[in-house]
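Chemist: After the structure tokens below, expect a handful of questions from me.
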Amino acid sequence: MRADIRVQLEDFDIAAEWAACRQRCGGECGAIVAFGGLVRDRFGDSAVQGLHLEHYPGMTEDSIRRIVDQAAERWRLLDVVVVHRVGYLAPPEQIVLVLAASGHRPDAFAACEFIMDYLKTDAVFWKKELREDGDAWIESTAGDRTRRESWGQETPAEGAST
Amino acid sequence: MRADIRVQLEDFDIAAEWAACRQRCGGECGAIVAFGGLVRDRFGDSAVQGLHLEHYPGMTEDSIRRIVDQAAERWRLLDVVVVHRVGYLAPPEQIVLVLAASGHRPDAFAACEFIMDYLKTDAVFWKKELREDGDAWIESTAGDRTRRESWGQETPAEGAST
Amino acid sequence: MTALTVRFFASLREAVGVGDLDIEVDPPTLVGLRSALATRLTPEQFHAIDMAEVCIAVNQAIAQRDTPLRAGDEVAFLPRVTGG
Amino acid sequence: MTALTVRFFASLREAVGVGDLDIEVDPPTLVGLRSALATRLTPEQFHAIDMAEVCIAVNQAIAQRDTPLRAGDEVAFLPRVTGG
């Protein structure tokens, strides 16, 4: 399986990523699933001006690679692309793209959703919502953690406190 | 929810569909899931020259619309696009595109996968595989039917025989 | 007699050799149509369209055993479908 | 004394007011680092980075309680992460 993992300030082009993925896969590929995450303009009743996304260069890419490797162990994948933006993003900009290509659709769907669920809980990013009612650092929700756990196996690495 | 359902001979352009979907959704949209189905070049050990896809104009579009309506009853969706090609398709051409946009990623993932699973079993298409070892009309597999049934509820309309 | 158009799709079209057929039936029911087709088609052709898994649509809606037929109706014979 | 670079991310950077800090610790352990930071930071700053949910990475790998520290190591304080 080929994996292309990028963290970047620039926007991404779904068309170019999709075409390159098809090109790499050739005739073996029966299914491509793409997820695009966008900045919403509201959080509850409050207008959202934008997001500030921060990462830890090196460690962030490693954290994504570990997630993709886990997906590759679970499903038959031909190609995976993860592009995650950082910096300031205003609604309705694109935040993240996950592409999973496989011979078969169940594998492509499962892998793409698995990667997204794990990105929410395990990828090394921090996200500040710039809102009408005050800025707030966003954490993964209880729902995110439940979805992550629904995939079974592996628990997050235990962190140390001082 | 807006739904755009098309059955056509021509190829489709994922970039254009994705961009139009984002445009229609505006700032409410947090998640877009796209599925692309492609013609594979092999079936087991046999090389596949291509597929011939046939439909029943009118009834086919209605069958897709019913599937999309069921998805819209189950999940919070902003926009759904289904483009399904017919005619002769060679590997690795695109067969089908399903786009589902929602405020939230679980809804977009579930709806896109639900629609694809139902397209396999309930949409009015017929598919002939043109193979080295002889042409064959393809039927939905036991796996396809199991996946469809895993969504629960509704059973297919009972057909009459003469 | 009631005049209908019958359509065969995919493998059934290949088995029957034509996609459309104009036919008159009496009584105007699916049972009447079955009798008319048994006469009109060869035994092999009839066998292909008379299988349990073949669905019948009247004017593009899946028919029930007792769906009434009217002059000009389009009755379609549909083998097992699969999209995607 | 062992010289380390400490990094604070996101809400922790905001709480401490800087992203990087050069610090000397003795002994070269996470416990030694904690003592050094308790002296160097204000009580409010220290409280922010001393929360149970804060993860510590040494040279970009999540640290365990007994991870040894060497001169030049980069020790990062990471609040709860979320991507996507």
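Residues are referred to by chain and number: the chain letter is A, B, ... according to the order shown in the structure tokens, the number counts from 1 in that chain, and ligands are numbered separately from 1 in the order shown.
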Lay chain C over chain D using all C-alpha atoms, matched one to one in order, with a least-squares fit; then write it out as a short mmCIF file (atom, residue, chain, number, x, y, z; two decimals) with C-alpha atoms, in the first residue's frame.

Modeler:
```cif
data_model
loop_
_atom_site.label_atom_id
_atom_site.label_comp_id
_atom_site.auth_asym_id
_atom_site.auth_seq_id
_atom_site.Cartn_x
_atom_site.Cartn_y
_atom_site.Cartn_z
CA MET C 1 22.89 19.85 35.37
CA THR C 2 21.33 18.73 32.07
CA ALA C 3 20.24 21.35 29.54
CA LEU C 4 16.88 20.71 27.84
CA THR C 5 14.55 22.55 25.51
CA VAL C 6 10.95 22.57 26.69
CA ARG C 7 8.08 23.28 24.26
CA PHE C 8 4.51 24.20 25.04
CA PHE C 9 1.72 23.81 22.50
CA ALA C 10 -1.68 25.39 21.94
CA SER C 11 -3.50 26.22 25.20
CA LEU C 12 -0.34 25.47 27.21
CA ARG C 13 1.69 27.91 25.12
CA GLU C 14 -0.97 30.51 25.77
CA ALA C 15 -0.96 29.74 29.51
CA VAL C 16 2.83 29.89 29.82
CA GLY C 17 3.18 32.80 27.41
CA VAL C 18 6.08 31.30 25.44
CA GLY C 19 6.43 28.37 23.06
CA ASP C 20 10.00 27.37 23.99
CA LEU C 21 12.04 27.46 27.13
CA ASP C 22 15.64 26.41 27.75
CA ILE C 23 16.03 24.92 31.18
CA GLU C 24 18.59 22.95 33.24
CA VAL C 25 17.44 20.02 35.32
CA ASP C 26 18.97 17.81 37.99
CA PRO C 27 18.38 14.89 38.16
CA PRO C 28 17.76 14.39 34.39
CA THR C 29 14.29 12.88 34.81
CA LEU C 30 10.72 14.07 34.35
CA VAL C 31 10.52 14.52 38.13
CA GLY C 32 13.63 16.72 37.99
CA LEU C 33 12.08 18.70 35.14
CA ARG C 34 8.89 19.17 37.12
CA SER C 35 10.83 20.67 40.03
CA ALA C 36 12.76 22.98 37.70
CA LEU C 37 9.55 24.18 36.06
CA ALA C 38 7.84 24.73 39.42
CA THR C 39 10.63 27.17 40.24
CA ARG C 40 10.81 28.81 36.82
CA LEU C 41 7.09 29.34 36.18
CA THR C 42 4.41 31.21 38.12
CA PRO C 43 2.01 29.01 40.10
CA GLU C 44 -0.73 29.63 37.48
CA GLN C 45 1.57 28.72 34.61
CA PHE C 46 2.81 25.63 36.42
CA HIS C 47 -0.71 24.54 37.28
CA ALA C 48 -1.70 24.68 33.58
CA ILE C 49 1.08 22.35 32.45
CA ASP C 50 0.85 20.06 35.49
CA MET C 51 -2.66 18.76 34.73
CA ALA C 52 -3.26 15.01 34.50
CA GLU C 53 -4.45 15.22 30.88
CA VAL C 54 -1.26 16.90 29.66
CA CYS C 55 0.95 14.49 27.71
CA ILE C 56 4.71 14.77 27.62
CA ALA C 57 6.80 13.85 24.60
CA VAL C 58 10.56 13.47 24.69
CA ASN C 59 12.10 13.97 21.26
CA GLN C 60 8.64 13.61 19.76
CA ALA C 61 7.85 10.25 21.38
CA ILE C 62 5.27 10.01 24.16
CA ALA C 63 7.27 9.67 27.37
CA GLN C 64 6.77 7.27 30.22
CA ARG C 65 7.26 8.28 33.84
CA ASP C 66 10.80 6.85 33.81
CA THR C 67 11.94 8.01 30.36
CA PRO C 68 15.55 9.23 30.86
CA LEU C 69 16.48 12.72 29.73
CA ARG C 70 19.75 13.63 28.01
CA ALA C 71 21.37 16.97 27.29
CA GLY C 72 19.77 18.59 24.24
CA ASP C 73 16.53 16.64 24.51
CA GLU C 74 13.33 18.36 23.43
CA VAL C 75 10.56 17.87 25.96
CA ALA C 76 7.12 18.89 24.73
CA PHE C 77 3.99 19.51 26.80
CA LEU C 78 0.92 18.58 24.80
CA PRO C 79 -2.67 19.35 25.74
CA ARG C 80 -5.42 17.04 24.53
CA VAL C 81 -5.20 16.62 20.79
CA THR C 82 -7.89 16.63 18.13
CA GLY C 83 -7.51 16.56 14.38
CA GLY C 84 -9.84 16.21 11.45
#
```

Chemist: Just the residues within 7 Å of range 75-82 of chain A, please, counting only C-alpha atoms, with nothing from its chain fewer than 4 positions along; format it as number ranges by chain.

Modeler: A: 1-6, 21, 25, 71, 97-102, 107, 111

Chemist: Where does DSSP see strand (DSSP E) in range 5-40 of chain D, if you list the residues as a list in words?

Modeler: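 Of range 5-40 of chain D, only Thr5, Val6, Arg7, Phe8, Asp20, Leu21, Asp22, Ile23, Glu24 and Val25 of chain D fall in strand (DSSP E).
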
Chemist: What's around Glu10 in chain B at 8 Å? Count only C-alpha atoms, leave out sequence neighbours fewer than 2 positions away in its own chain, and write the answer as a PyMOL selection string.

Modeler: chain B and resi 8+12+85

Chemist: Just need the residues of chain A within 7 Å of chain B, counting only C-alpha atoms, so spit them out as a PyMOL selection string.

Modeler: chain A and resi 14-15+26-41+91-92

Chemist: Find the residues around Glu61 in chain B up to 9 Å (only C-alpha atoms counted), leave out those fewer than 4 positions away in its own chain, and share them as a list in words.

Modeler: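 The filter keeps Ile5, Arg6, Val7, Tyr56, Pro57, Arg65, Arg66, Ala123 and Val124 of chain B.
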
Chemist: Write out, as an mmCIF file, in the first residue's frame, the residues just selected, with N, CA, C and O atoms.

Modeler:
```
data_model
loop_
_atom_site.group_PDB
_atom_site.id
_atom_site.type_symbol
_atom_site.label_atom_id
_atom_site.label_comp_id
_atom_site.auth_asym_id
_atom_site.auth_seq_id
_atom_site.Cartn_x
_atom_site.Cartn_y
_atom_site.Cartn_z
ATOM 1 N N ILE B 5 -29.832 13.396 -8.981
ATOM 2 C CA ILE B 5 -29.697 12.001 -9.415
ATOM 3 C C ILE B 5 -29.623 11.973 -10.932
ATOM 4 O O ILE B 5 -30.515 12.490 -11.601
ATOM 5 N N ARG B 6 -28.547 11.407 -11.436
ATOM 6 C CA ARG B 6 -28.390 11.367 -12.896
ATOM 7 C C ARG B 6 -27.900 10.001 -13.350
ATOM 8 O O ARG B 6 -27.034 9.408 -12.725
ATOM 9 N N VAL B 7 -28.485 9.539 -14.456
ATOM 10 C CA VAL B 7 -28.013 8.320 -15.116
ATOM 11 C C VAL B 7 -27.567 8.759 -16.497
ATOM 12 O O VAL B 7 -28.327 9.415 -17.213
ATOM 13 N N TYR B 56 -33.323 1.007 -17.058
ATOM 14 C CA TYR B 56 -34.699 1.166 -17.507
ATOM 15 C C TYR B 56 -35.038 2.632 -17.251
ATOM 16 O O TYR B 56 -35.403 2.995 -16.122
ATOM 17 N N PRO B 57 -34.898 3.475 -18.281
ATOM 18 C CA PRO B 57 -35.032 4.924 -18.065
ATOM 19 C C PRO B 57 -36.347 5.248 -17.350
ATOM 20 O O PRO B 57 -37.406 4.761 -17.750
ATOM 21 N N ARG B 65 -33.870 7.345 -6.437
ATOM 22 C CA ARG B 65 -34.495 8.378 -5.609
ATOM 23 C C ARG B 65 -35.065 7.782 -4.315
ATOM 24 O O ARG B 65 -34.965 8.369 -3.240
ATOM 25 N N ARG B 66 -35.633 6.588 -4.417
ATOM 26 C CA ARG B 66 -36.182 5.944 -3.215
ATOM 27 C C ARG B 66 -35.069 5.642 -2.213
ATOM 28 O O ARG B 66 -35.243 5.791 -1.010
ATOM 29 N N ALA B 123 -31.076 -0.847 -6.896
ATOM 30 C CA ALA B 123 -31.178 0.084 -8.030
ATOM 31 C C ALA B 123 -31.346 -0.715 -9.319
ATOM 32 O O ALA B 123 -30.757 -1.787 -9.488
ATOM 33 N N VAL B 124 -32.156 -0.199 -10.207
ATOM 34 C CA VAL B 124 -32.522 -0.930 -11.419
ATOM 35 C C VAL B 124 -31.439 -0.743 -12.496
ATOM 36 O O VAL B 124 -31.522 0.153 -13.342
#
```

Chemist: Using only C-alpha atoms, can you tell me which of B:Ile67, B:Phe114, B:Gly50, B:Val86 comes closest to Asp135 in chain B?

Modeler: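 Of the candidates, the smallest distance to Asp135 in chain B is held by B:Gly50.
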
Chemist: If DSSP is run on the backbone, what residues of range 62-120 of chain B are helix (DSSP H, G or I)? A reply as a ChimeraX atom specification would be ideal.

Modeler: /B:62-74,105-120

Chemist: Return the neighbours of chain D among the residues of chain A, cut-off 7 Å, counting only C-alpha atoms, as a list in words.

Modeler: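 That gives the following set of residues: Gly37, Glu54, Met59, Ile95, Val96, Met116, Leu119, Lys120, Thr121, Asp122, Ala123, Val124, Phe125, Trp126, Lys127, Trp137, Glu139, Ser140, Gly159, Ala160, Ser161 and Thr162 of chain A.
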
Chemist: Give me, please, the distance in Å between CA of Gly87 in chain B and CA of Leu9 in chain B, quoted to one decimal.

Modeler: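 Between these atoms lies a distance of 5.9 Å.
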
Chemist: Just the number, please: distance in Å from CA of Gly58 in chain A to CA of Trp151 in chain A, one decimal.

Modeler: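 About the pair CA of Gly58 in chain A and CA of Trp151 in chain A: they are 26.1 Å apart.
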
Chemist: Could you work out how far CA of Asp11 in chain A lies from CA of Leu51 in chain A, giving the answer in Å with one decimal?

Modeler: 14.1 Å
